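Dropping final-v7.cif in here (mmCIF, C-alpha atoms and all ligand atoms):
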data_entry
#
loop_
_atom_site.label_atom_id
_atom_site.label_comp_id
_atom_site.auth_asym_id
_atom_site.auth_seq_id
_atom_site.Cartn_x
_atom_site.Cartn_y
_atom_site.Cartn_z
CA MET A 1050 -4.76 -36.63 -8.88
CA ASP A 1051 -6.10 -34.17 -11.45
CA ALA A 1052 -4.26 -30.91 -11.77
CA PRO A 1053 -6.18 -27.77 -10.77
CA LYS A 1054 -7.72 -25.97 -13.78
CA ASN A 1055 -5.22 -23.11 -13.75
CA PHE A 1056 -2.16 -25.39 -13.44
CA ILE A 1057 0.66 -24.36 -15.81
CA PRO A 1058 1.97 -27.71 -17.19
CA GLU A 1059 5.60 -26.57 -17.71
CA PRO A 1060 8.31 -27.46 -16.74
CA PHE A 1061 6.91 -30.10 -14.32
CA GLU A 1062 3.79 -32.19 -14.30
CA TYR A 1063 1.28 -31.83 -11.50
CA HIS A 1064 2.52 -33.78 -8.46
CA GLN A 1065 5.74 -34.76 -10.25
CA GLU A 1066 8.24 -35.95 -7.63
CA LEU A 1067 11.78 -34.60 -7.66
CA GLU A 1068 14.96 -35.34 -5.73
CA LEU A 1069 16.60 -32.05 -4.92
CA SER A 1070 19.53 -30.49 -3.07
CA VAL A 1071 18.45 -27.42 -1.13
CA GLU A 1072 20.85 -24.48 -1.55
CA SER A 1073 19.49 -21.57 0.43
CA LEU A 1074 16.60 -20.07 2.38
CA THR A 1075 14.53 -17.07 1.21
CA ASN A 1076 13.58 -14.28 3.58
CA LEU A 1077 10.18 -15.95 3.86
CA GLY A 1078 11.92 -19.02 5.30
CA VAL A 1079 11.42 -21.16 2.19
CA GLY A 1080 14.12 -23.60 0.98
CA VAL A 1081 15.44 -23.00 -2.55
CA ALA A 1082 16.71 -25.76 -4.87
CA ARG A 1083 17.50 -25.83 -8.58
CA GLN A 1084 17.06 -28.42 -11.29
CA ASP A 1085 18.86 -27.64 -14.57
CA GLY A 1086 18.96 -24.00 -13.50
CA TRP A 1087 15.20 -23.82 -12.81
CA VAL A 1088 14.36 -22.62 -9.27
CA ILE A 1089 12.08 -24.70 -7.03
CA MET A 1090 10.80 -23.40 -3.70
CA ILE A 1091 10.13 -25.98 -0.99
CA PRO A 1092 8.74 -24.73 2.34
CA PHE A 1093 10.22 -26.41 5.47
CA SER A 1094 13.29 -27.76 3.70
CA LEU A 1095 16.71 -26.57 4.87
CA PRO A 1096 19.89 -25.58 3.04
CA GLY A 1097 22.31 -28.51 2.70
CA GLU A 1098 19.52 -31.10 2.66
CA LYS A 1099 18.75 -33.73 0.04
CA ILE A 1100 14.99 -34.06 -0.19
CA ARG A 1101 12.12 -35.55 -2.12
CA ALA A 1102 9.51 -32.98 -3.11
CA ARG A 1103 6.22 -32.96 -5.03
CA VAL A 1104 5.47 -30.08 -7.41
CA PHE A 1105 2.12 -28.36 -6.87
CA ARG A 1106 2.59 -25.18 -8.92
CA ASN A 1107 4.68 -23.89 -11.82
CA ARG A 1108 5.02 -20.13 -11.95
CA PRO A 1109 6.46 -18.14 -14.89
CA ASN A 1110 9.98 -18.27 -13.45
CA PHE A 1111 10.02 -20.86 -10.66
CA SER A 1112 8.05 -23.83 -9.31
CA GLU A 1113 6.69 -24.63 -5.87
CA ALA A 1114 6.78 -28.07 -4.27
CA ASP A 1115 5.79 -29.76 -1.00
CA LEU A 1116 8.44 -31.48 1.08
CA ILE A 1117 7.69 -35.23 1.05
CA GLU A 1118 10.80 -36.69 2.65
CA VAL A 1119 14.14 -35.51 3.97
CA LEU A 1120 16.69 -37.95 2.50
CA GLU A 1121 19.76 -36.35 4.09
CA ALA A 1122 19.01 -33.96 6.92
CA SER A 1123 20.91 -30.75 7.63
CA PRO A 1124 23.04 -30.89 10.81
CA ASN A 1125 21.12 -27.75 11.78
CA ARG A 1126 17.73 -29.52 11.70
CA VAL A 1127 16.07 -29.71 15.14
CA ASP A 1128 12.66 -30.87 16.37
CA PRO A 1129 10.07 -28.07 16.31
CA LYS A 1130 8.57 -27.40 19.75
CA CYS A 1131 5.09 -26.63 18.46
CA PRO A 1132 2.86 -29.47 17.23
CA LEU A 1133 1.30 -27.01 14.76
CA PHE A 1134 4.61 -26.16 13.11
CA GLY A 1135 4.22 -26.58 9.37
CA SER A 1136 0.48 -25.82 9.44
CA CYS A 1137 0.41 -22.54 11.36
CA GLY A 1138 1.64 -19.51 9.42
CA GLY A 1139 3.13 -17.84 12.51
CA CYS A 1140 6.57 -19.54 12.63
CA GLN A 1141 8.87 -20.50 9.75
CA TYR A 1142 12.11 -21.56 11.50
CA GLN A 1143 11.34 -23.97 14.34
CA GLN A 1144 13.06 -26.79 12.45
CA LEU A 1145 16.32 -24.81 12.34
CA SER A 1146 18.74 -24.61 15.32
CA TYR A 1147 18.87 -21.15 16.87
CA PRO A 1148 22.49 -20.34 15.85
CA ALA A 1149 21.59 -21.30 12.26
CA GLN A 1150 18.48 -19.07 12.39
CA LEU A 1151 20.72 -16.13 13.28
CA GLU A 1152 23.17 -16.95 10.48
CA TRP A 1153 20.38 -17.13 7.90
CA LYS A 1154 18.82 -13.89 9.09
CA GLN A 1155 22.22 -12.23 8.74
CA ALA A 1156 22.48 -13.57 5.17
CA GLN A 1157 18.95 -12.37 4.37
CA VAL A 1158 19.63 -8.84 5.63
CA ARG A 1159 22.88 -8.79 3.64
CA ASP A 1160 21.05 -9.97 0.53
CA ALA A 1161 18.19 -7.42 0.82
CA LEU A 1162 20.60 -4.51 1.39
CA GLU A 1163 22.80 -5.53 -1.52
CA ARG A 1164 20.04 -6.41 -4.00
CA ILE A 1165 17.77 -3.43 -3.32
CA GLY A 1166 20.16 -0.78 -2.04
CA GLY A 1167 23.46 -1.80 -3.65
CA ILE A 1168 24.89 -1.78 -0.09
CA GLU A 1169 27.91 -4.00 0.41
CA ASN A 1170 28.91 -3.04 3.96
CA GLU A 1171 29.47 -5.78 6.51
CA VAL A 1172 26.29 -6.96 8.26
CA LEU A 1173 27.07 -8.00 11.85
CA MET A 1174 25.78 -11.28 13.29
CA PRO A 1175 22.25 -10.62 14.66
CA ILE A 1176 22.07 -10.22 18.43
CA GLY A 1177 19.94 -13.13 19.60
CA SER A 1178 17.01 -13.11 21.97
CA PRO A 1179 17.84 -14.34 25.50
CA LYS A 1180 14.75 -16.53 25.18
CA GLU A 1181 14.21 -18.63 22.05
CA TYR A 1182 10.66 -19.68 23.03
CA GLY A 1183 8.22 -18.16 25.52
CA TYR A 1184 9.32 -14.62 24.64
CA ARG A 1185 6.35 -12.99 22.92
CA SER A 1186 4.45 -10.69 25.26
CA LYS A 1187 1.61 -10.08 22.82
CA ILE A 1188 -0.43 -12.39 20.61
CA THR A 1189 -3.58 -11.66 18.62
CA PRO A 1190 -5.46 -14.88 17.76
CA HIS A 1191 -8.56 -14.51 15.59
CA TYR A 1192 -11.65 -16.34 14.45
CA GLN A 1193 -13.62 -15.87 11.24
CA ARG A 1194 -17.14 -16.91 12.15
CA TRP A 1195 -18.64 -17.62 15.54
CA ARG A 1196 -20.86 -20.72 15.92
CA ASP A 1197 -23.36 -21.66 18.65
CA ASP A 1198 -21.84 -25.10 19.12
CA GLY A 1199 -18.39 -23.62 19.80
CA ASP A 1200 -16.96 -25.68 16.95
CA PHE A 1201 -14.81 -23.08 15.21
CA PRO A 1202 -11.07 -22.42 15.14
CA ILE A 1203 -9.48 -19.56 17.09
CA GLY A 1204 -5.87 -19.04 16.13
CA PHE A 1205 -3.64 -17.81 13.33
CA LEU A 1206 -3.62 -17.96 9.55
CA ARG A 1207 -2.66 -21.30 8.08
CA VAL A 1208 0.43 -21.76 5.96
CA ALA A 1209 -0.32 -21.32 2.24
CA GLN A 1210 -4.09 -20.96 2.74
CA ARG A 1211 -3.92 -17.41 3.89
CA GLN A 1212 -7.68 -17.08 4.35
CA ARG A 1213 -8.15 -20.06 6.72
CA ILE A 1214 -7.55 -20.04 10.44
CA ILE A 1215 -5.83 -22.86 12.27
CA ASP A 1216 -6.94 -23.58 15.83
CA VAL A 1217 -4.14 -22.66 18.26
CA PRO A 1218 -4.78 -23.88 21.83
CA GLN A 1219 -1.20 -23.03 22.91
CA CYS A 1220 1.52 -20.92 21.32
CA PRO A 1221 5.04 -21.89 22.49
CA ILE A 1222 6.65 -18.63 21.35
CA ALA A 1223 4.28 -16.66 23.63
CA THR A 1224 5.12 -16.17 27.32
CA PRO A 1225 4.04 -18.86 29.82
CA ALA A 1226 1.56 -16.40 31.41
CA ILE A 1227 -0.13 -15.84 28.03
CA ASN A 1228 -0.38 -19.59 27.51
CA GLU A 1229 -1.99 -19.92 30.94
CA THR A 1230 -4.64 -17.33 30.07
CA LEU A 1231 -5.27 -18.52 26.50
CA PRO A 1232 -7.53 -21.54 27.33
CA GLU A 1233 -9.76 -19.35 29.55
CA LEU A 1234 -10.13 -16.65 26.92
CA ARG A 1235 -10.86 -19.23 24.20
CA ALA A 1236 -13.51 -20.92 26.34
CA GLN A 1237 -15.11 -17.58 27.17
CA VAL A 1238 -15.24 -16.45 23.52
CA LYS A 1239 -16.69 -19.81 22.45
CA LYS A 1240 -19.50 -19.30 24.97
CA THR A 1241 -20.17 -15.62 24.32
CA PRO A 1242 -18.76 -13.73 21.32
CA PRO A 1243 -17.46 -10.20 21.92
CA LYS A 1244 -20.31 -7.73 21.20
CA GLY A 1245 -21.16 -7.44 17.50
CA LYS A 1246 -18.44 -9.96 16.54
CA LYS A 1247 -20.57 -12.98 15.75
CA LYS A 1248 -20.68 -13.00 11.97
CA LYS A 1249 -17.63 -11.04 10.94
CA GLY A 1250 -15.20 -12.66 13.31
CA ALA A 1251 -12.79 -10.86 15.60
CA THR A 1252 -9.19 -10.48 16.65
CA LEU A 1253 -8.49 -11.20 20.30
CA LEU A 1254 -5.62 -9.77 22.29
CA LEU A 1255 -3.42 -11.19 25.03
CA ARG A 1256 -0.64 -8.93 26.27
CA GLU A 1257 1.54 -9.68 29.28
CA THR A 1258 2.40 -6.53 31.19
CA MET A 1259 3.26 -5.47 34.73
CA GLU A 1260 -0.53 -5.58 35.37
CA GLY A 1261 -0.71 -9.25 34.31
CA VAL A 1262 -2.14 -10.67 31.08
CA ILE A 1263 -4.50 -8.06 29.61
CA THR A 1264 -7.16 -8.83 26.98
CA ASP A 1265 -8.76 -5.37 26.66
CA ALA A 1266 -7.04 -3.54 23.78
CA LYS A 1267 -8.01 -0.14 25.25
CA ALA A 1268 -6.55 -0.80 28.70
CA LEU A 1269 -3.62 1.33 29.78
CA VAL A 1270 -0.74 -1.00 30.61
CA THR A 1271 2.79 -0.66 31.96
CA GLU A 1272 6.07 -2.23 30.94
CA ARG A 1273 9.57 -1.82 32.33
CA VAL A 1274 12.47 -1.45 29.89
CA GLY A 1275 15.82 -1.19 31.70
CA ASN A 1276 15.51 1.64 34.20
CA ARG A 1277 12.44 3.20 32.55
CA VAL A 1278 8.74 2.44 32.70
CA PHE A 1279 6.38 2.92 29.79
CA GLN A 1280 2.63 3.09 29.68
CA PHE A 1281 0.76 2.42 26.49
CA LYS A 1282 -2.57 1.07 25.24
CA ALA A 1283 -2.48 -2.75 25.30
CA GLY A 1284 -3.67 -2.95 21.67
CA GLU A 1285 -1.23 -0.35 20.27
CA PHE A 1286 2.32 -0.78 19.00
CA PHE A 1287 4.94 -1.59 21.60
CA GLN A 1288 7.83 -3.97 20.89
CA ASN A 1289 6.75 -7.37 22.13
CA ASN A 1290 9.92 -9.21 23.13
CA PRO A 1291 10.62 -7.72 26.59
CA PHE A 1292 13.65 -10.01 27.09
CA ILE A 1293 15.78 -8.39 24.39
CA LEU A 1294 14.22 -4.91 24.54
CA PRO A 1295 16.65 -3.28 27.05
CA THR A 1296 19.68 -4.42 24.98
CA PHE A 1297 18.00 -3.24 21.79
CA ALA A 1298 16.98 0.20 23.15
CA ASN A 1299 20.43 0.71 24.73
CA TYR A 1300 22.14 -0.14 21.47
CA VAL A 1301 20.04 2.48 19.63
CA THR A 1302 20.95 5.01 22.37
CA GLU A 1303 24.68 4.23 22.05
CA GLN A 1304 24.59 4.53 18.27
CA ALA A 1305 22.73 7.86 18.44
CA SER A 1306 25.16 9.28 21.04
CA ASP A 1307 27.87 10.77 18.84
CA GLY A 1308 28.37 13.86 20.98
CA SER A 1309 25.42 15.68 19.39
CA ARG A 1310 23.47 17.97 21.72
CA TYR A 1311 20.03 17.18 20.35
CA LEU A 1312 18.00 14.12 19.42
CA ILE A 1313 15.00 13.77 17.12
CA ASP A 1314 13.00 10.54 17.47
CA ALA A 1315 10.85 10.19 14.36
CA TYR A 1316 7.96 7.68 14.46
CA CYS A 1317 8.42 7.69 18.25
CA GLY A 1318 5.33 5.76 19.42
CA ALA A 1319 5.02 5.99 23.21
CA GLY A 1320 8.59 7.34 23.46
CA LEU A 1321 10.72 4.19 23.81
CA PHE A 1322 13.90 5.53 22.18
CA SER A 1323 13.47 9.20 23.19
CA LEU A 1324 13.14 8.38 26.84
CA THR A 1325 15.81 5.67 26.90
CA ALA A 1326 18.29 8.12 25.32
CA ALA A 1327 17.17 11.37 27.01
CA ASP A 1328 20.09 11.44 29.52
CA ARG A 1329 22.59 11.66 26.68
CA PHE A 1330 21.16 14.83 25.09
CA GLU A 1331 20.31 18.40 26.09
CA LYS A 1332 16.94 18.12 24.44
CA VAL A 1333 14.91 15.43 22.70
CA ILE A 1334 11.91 15.87 20.41
CA GLY A 1335 9.76 12.96 19.26
CA ILE A 1336 7.18 12.99 16.48
CA GLU A 1337 4.39 10.51 15.97
CA VAL A 1338 1.23 10.38 13.84
CA SER A 1339 -0.94 8.78 16.55
CA ALA A 1340 -2.26 11.50 18.88
CA ALA A 1341 -2.97 8.89 21.57
CA ALA A 1342 0.67 7.71 21.48
CA VAL A 1343 1.93 11.31 21.79
CA THR A 1344 -0.21 11.88 24.89
CA LEU A 1345 1.29 8.72 26.37
CA ALA A 1346 4.84 9.69 25.38
CA ASP A 1347 4.31 12.98 27.29
CA SER A 1348 3.04 11.19 30.36
CA ASN A 1349 5.84 8.60 30.10
CA ALA A 1350 8.37 11.45 30.22
CA ALA A 1351 6.70 12.68 33.44
CA LEU A 1352 6.50 9.14 34.85
CA ASN A 1353 10.28 8.79 34.44
CA SER A 1354 10.97 12.37 35.67
CA ILE A 1355 12.44 13.27 32.28
CA ARG A 1356 12.19 17.01 31.64
CA ASN A 1357 14.14 17.46 28.43
CA ALA A 1358 11.82 15.49 26.11
CA GLU A 1359 8.91 16.91 24.10
CA PHE A 1360 6.55 15.13 21.75
CA ARG A 1361 4.69 16.41 18.69
CA ASN A 1362 1.72 14.94 16.92
CA GLY A 1363 2.02 14.83 13.13
CA GLU A 1364 3.54 13.26 10.05
CA ALA A 1365 7.24 12.63 10.56
CA GLU A 1366 8.30 15.18 7.90
CA ALA A 1367 6.53 17.99 9.81
CA ILE A 1368 9.25 17.82 12.46
CA PHE A 1369 11.84 19.68 10.39
CA ALA A 1370 9.74 22.87 10.30
CA GLU A 1371 9.55 22.78 14.09
CA VAL A 1372 13.12 22.25 15.16
CA ALA A 1373 14.55 25.61 14.15
CA GLU A 1374 16.54 25.67 17.40
CA PHE A 1375 18.33 22.39 16.53
CA PRO A 1376 21.29 22.88 14.16
CA GLY A 1377 21.53 19.76 11.96
CA ALA A 1378 25.24 19.40 12.67
CA GLU A 1379 24.52 19.03 16.39
CA THR A 1380 21.57 16.68 16.08
CA SER A 1381 21.17 12.92 15.93
CA VAL A 1382 18.00 11.43 14.41
CA VAL A 1383 16.49 8.03 15.26
CA ILE A 1384 13.93 6.75 12.76
CA ASP A 1385 11.73 3.70 13.33
CA PRO A 1386 9.03 3.75 10.64
CA PRO A 1387 6.37 1.10 10.00
CA ARG A 1388 7.04 -1.73 7.50
CA ARG A 1389 6.53 0.46 4.44
CA GLY A 1390 9.57 2.57 5.42
CA CYS A 1391 9.90 6.36 5.13
CA ASP A 1392 8.06 8.64 2.72
CA GLU A 1393 10.22 10.32 0.10
CA ALA A 1394 9.22 13.75 1.43
CA PHE A 1395 10.57 12.75 4.83
CA LEU A 1396 13.88 11.50 3.44
CA ARG A 1397 14.34 14.64 1.33
CA GLN A 1398 13.74 16.91 4.32
CA LEU A 1399 15.92 14.73 6.53
CA SER A 1400 18.88 15.11 4.21
CA ASP A 1401 18.24 18.87 3.84
CA PHE A 1402 18.25 19.13 7.64
CA ALA A 1403 21.60 17.29 7.51
CA PRO A 1404 21.83 15.73 10.99
CA SER A 1405 25.28 14.54 11.97
CA ARG A 1406 24.05 11.01 12.64
CA ILE A 1407 21.04 8.88 11.67
CA VAL A 1408 20.09 5.61 13.37
CA TYR A 1409 17.56 3.80 11.18
CA VAL A 1410 15.60 1.04 12.96
CA SER A 1411 13.50 -1.14 10.67
CA CYS A 1412 11.37 -4.26 10.75
CA ASP A 1413 11.69 -4.68 6.97
CA PRO A 1414 15.21 -4.68 5.50
CA SER A 1415 13.78 -4.36 1.94
CA THR A 1416 12.13 -0.97 2.44
CA GLN A 1417 15.07 0.04 4.63
CA ALA A 1418 17.47 -0.81 1.79
CA ARG A 1419 15.52 1.44 -0.59
CA ASP A 1420 15.66 4.34 1.92
CA LEU A 1421 19.34 3.78 2.78
CA LYS A 1422 20.28 4.10 -0.87
CA ILE A 1423 18.64 7.55 -0.94
CA LEU A 1424 20.47 8.56 2.26
CA GLU A 1425 23.81 7.34 0.89
CA GLU A 1426 23.25 9.33 -2.30
CA SER A 1427 22.57 12.45 -0.25
CA GLY A 1428 25.90 12.29 1.59
CA TYR A 1429 25.60 9.71 4.37
CA GLU A 1430 28.01 6.90 5.04
CA ILE A 1431 27.04 3.65 6.75
CA LEU A 1432 28.99 3.04 9.97
CA GLU A 1433 27.39 -0.14 11.29
CA ILE A 1434 24.64 -2.64 10.43
CA GLN A 1435 23.39 -4.60 13.42
CA PRO A 1436 20.32 -6.84 13.20
CA PHE A 1437 18.45 -7.88 16.38
CA ASP A 1438 16.45 -11.07 16.56
CA LEU A 1439 13.34 -9.91 18.37
CA PHE A 1440 11.32 -12.77 16.91
CA PRO A 1441 13.06 -16.19 17.20
CA GLN A 1442 11.45 -19.08 15.26
CA THR A 1443 9.86 -16.62 12.82
CA ARG A 1444 11.18 -15.08 9.62
CA HIS A 1445 11.08 -11.58 11.10
CA ILE A 1446 14.15 -9.50 11.89
CA GLU A 1447 14.71 -5.98 13.20
CA ASN A 1448 17.66 -4.19 11.61
CA VAL A 1449 19.52 -1.14 12.94
CA VAL A 1450 21.72 0.87 10.58
CA THR A 1451 23.88 3.77 11.78
CA LEU A 1452 24.81 6.49 9.28
CA GLN A 1453 27.18 9.41 9.63
CA ARG A 1454 27.18 12.60 7.53
CA GLN A 1455 30.32 12.66 5.42
C1 LIG B 1 7.53 0.62 14.26
S1 LIG B 1 6.58 1.74 15.24
C2 LIG B 1 7.85 2.45 16.25
C3 LIG B 1 7.41 3.06 17.55
C4 LIG B 1 8.50 3.36 18.58
N1 LIG B 1 9.72 3.83 17.99
C5 LIG B 1 8.76 2.15 19.45
O1 LIG B 1 9.79 1.47 19.26
O2 LIG B 1 7.93 1.85 20.31
C6 LIG B 1 6.18 2.94 14.06
C7 LIG B 1 5.39 4.14 14.57
O3 LIG B 1 5.27 5.09 13.50
C8 LIG B 1 4.01 5.75 13.59
N2 LIG B 1 3.79 6.33 12.25
C9 LIG B 1 3.34 5.73 11.12
N3 LIG B 1 3.38 6.60 10.07
C10 LIG B 1 3.87 7.76 10.54
C11 LIG B 1 4.15 9.03 9.94
N4 LIG B 1 3.92 9.26 8.64
N5 LIG B 1 4.66 10.00 10.72
C12 LIG B 1 4.90 9.78 12.05
N6 LIG B 1 4.65 8.62 12.66
C13 LIG B 1 4.13 7.62 11.93
C14 LIG B 1 3.08 4.64 14.03
O4 LIG B 1 1.93 5.18 14.65
C15 LIG B 1 3.97 3.83 15.02
O5 LIG B 1 3.81 4.31 16.33
#
Could you take the file, read its structure, and then write that structure out as structure tokens?
Amino acid sequence: MDAPKNFIPEPFEYHQELELSVESLTNLGVGVARQDGWVIMIPFSLPGEKIRARVFRNRPNFSEADLIEVLEASPNRVDPKCPLFGSCGGCQYQQLSYPAQLEWKQAQVRDALERIGGIENEVLMPIGSPKEYGYRSKITPHYQRWRDDGDFPIGFLRVAQRQRIIDVPQCPIATPAINETLPELRAQVKKTPPKGKKKKGATLLLRETMEGVITDAKALVTERVGNRVFQFKAGEFFQNNPFILPTFANYVTEQASDGSRYLIDAYCGAGLFSLTAADRFEKVIGIEVSAAAVTLADSNAALNSIRNAEFRNGEAEAIFAEVAEFPGAETSVVIDPPRRGCDEAFLRQLSDFAPSRIVYVSCDPSTQARDLKILEESGYEILEIQPFDLFPQTRHIENVVTLQRQ
């Protein structure tokens, strides 16, 4: 086969076949092998395996190859449950046994913290999800272009071809109730596109809640977490593995409870951590940039008869001007920012405020590592690093780091 026009011919020829020993797994779930020191990335191969692979791209400092044959399989290799595994971009780890997934996620968190933040503290074994499949309470399949004949894919992005959608009739990591509703919703959308969503495509929503499986992103829905109930908009952020959520929220509460009288919950969403932890503190203040989420956090406090929690609408850093009554030394701060991590202004003001404890919850250990380095330099010491596997079968990991002011 002819090489694509932009193919770099060094160090391998196009479609050259190689026999390789896979050494490790990147945080994108890709197997890594070396030949004469040169790195080759092979998706779907596992550490410890001998494989045959075919090169499809040489990059300036590594090559990429397709897995052709597993010559000696890893003892951790298992059969993926989803027939679309390998084509659908949603899951990266279905071919790896669950205990091995947890071990690799631990190694990846350790690597990100060390490489980016220079952090060498012990990383605990991730706490696993009680359900390895059927756990996701929210999925958002999409389509790119609606057609009269109904012949178009509705699903997720394909592996490697990020712009193409693969048709997903069932998603085994989603809850059984979502999988029951999915065929109906797909049939309905194929018959009639959502208003104005014919040409440009659309993202659909299925969220399992106490009200059942909801497909209207604007609907107000309810979810129970431990002994609390939360209402939020079906389409907005709320952690979507309800099976591990009580353990996760309780862990954050325990870590924040160092005897401090006050709690600040920055990036608080609909109040998950504030309201779970409220019993442990005299007063709790949450801050959140989405006005709609703040309104819900207020009503969630009322719904749970919690009277010592208040919520403010604004950028996280604005909170420090408003908590004059909280002495830093008697305050714990929980932070749970989006993937990009915290702004520098926030981190600067956080360390000036000097809370006694910080519990940093993150869905991206790389940006977290960058921020932790800044916190360490401003006088904080890491007490514990505990990842939680909210997303089995995928490359994602949630990491909780507890810091104490020295
Ligand atoms: C990962 S979510 C965490 C929500 C909540 N802690 C929970 O677990 O449900 C991040 C939240 O940060 C909010 N956010 C993003 N940028 C922000 C900023 N600069 N200041 C305050 N909140 C922000 C988002 O609206 C979102 O609700």
Item to check | Residues within 8 Å of ligand LIG 1 (chain B), counting only C-alpha atoms and all ligand atoms, as a PyMOL selection string | outcome: chain A and resi 1285-1288+1314-1322+1336-1339+1342+1362-1366+1384-1388+1391-1392+1411-1412
Checklist entry - Can you find the residues with an atom no farther than 10 Å from (5.6, -33.0, -13.8), counting only C-alpha atoms, and report them as number ranges by chain? => result A: 1058-1067, 1103-1107
Item to check | Residue neighbourhood region 1208-1223 of chain A, 6 Å, only C-alpha atoms, exclusion window fewer than 5 positions, as a list in words | outcome: Ser1136, Cys1137, Gly1138, Tyr1182, Gly1183, Tyr1184, Arg1185, Pro1202, Ile1203 and Asn1228 of chain A
Item to check | Nearest to Phe1369 (chain A) by atom-to-atom distance, counting all atoms listed in the file, from A:Arg1235, A:Arg1397, A:Arg1389, A:Lys1244 | outcome: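 Checking each candidate against Phe1369 (chain A), we get A:Arg1397 as the closest.
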At a cut-off of 9 Å, using all atoms listed in the file, what residues contact Phe1297 (chain A)? Leave out same-chain residues fewer than 5 positions from it and give the result as a short mmCIF file (atom, residue, chain, number, x, y, z; two decimals) with C-alpha atoms, in the frame of the given file.
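Saved as out-v5.cif:
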data_model
loop_
_atom_site.label_atom_id
_atom_site.label_comp_id
_atom_site.auth_asym_id
_atom_site.auth_seq_id
_atom_site.Cartn_x
_atom_site.Cartn_y
_atom_site.Cartn_z
CA ILE A 1176 22.07 -10.22 18.43
CA THR A 1302 20.95 5.01 22.37
CA PHE A 1437 18.45 -7.88 16.38
CA LEU A 1439 13.34 -9.91 18.37
#
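When all atoms listed in the file are used to measure the gap to Asp1438 (chain A), the shortest distance among A:Gly1080, A:Pro1175, A:Gly1097, A:Pro1129 belongs to A:Pro1175.
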Item to check | Selection near Glu1152 (chain A), 9 Å with only C-alpha atoms, sequence-local residues under 5 positions removed, as a PyMOL selection string | outcome: chain A and resi 1147+1157+1174-1175
Would you write out those residues with C-alpha atoms, as a compact mmCIF listing (two decimals), in the coordinates of the input?
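Output (part06.txt):
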# COMPACT_ATOMS: atom_id res chain seq x y z
CA TYR A 1147 18.87 -21.15 16.87
CA GLN A 1157 18.95 -12.37 4.37
CA MET A 1174 25.78 -11.28 13.29
CA PRO A 1175 22.25 -10.62 14.66
Item to check | Distance in Å - CA of Glu1393 (chain A) versus CA of Leu1421 (chain A) | outcome: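 Atom-to-atom, CA of Glu1393 (chain A) to CA of Leu1421 (chain A), that is 11.5 Å.
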Would you compute an axis-aligned box for region 1140-1155 of chain A, covering every atom listed for it in the file with 3 Å of margin on each side, and report centre and edge lengths in Å to one decimal as AutoDock Vina command-line options?
--center_x 14.9 --center_y -19.5 --center_z 12.4 --size_x 22.6 --size_y 20.6 --size_z 15.0
Checklist entry - Using only C-alpha atoms, which of A:Ala1114, A:Val1301, A:Ile1263, A:Leu1069 sits nearest Ala1283 (chain A)? => result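 Smallest separation from Ala1283 (chain A) among the options: A:Ile1263.
If you measure from each of A:Ala1052, A:Val1158, A:Ile1165, A:Val1071 to Ser1123 (chain A) using all atoms listed in the file, the closest one turns out to be A:Val1071.
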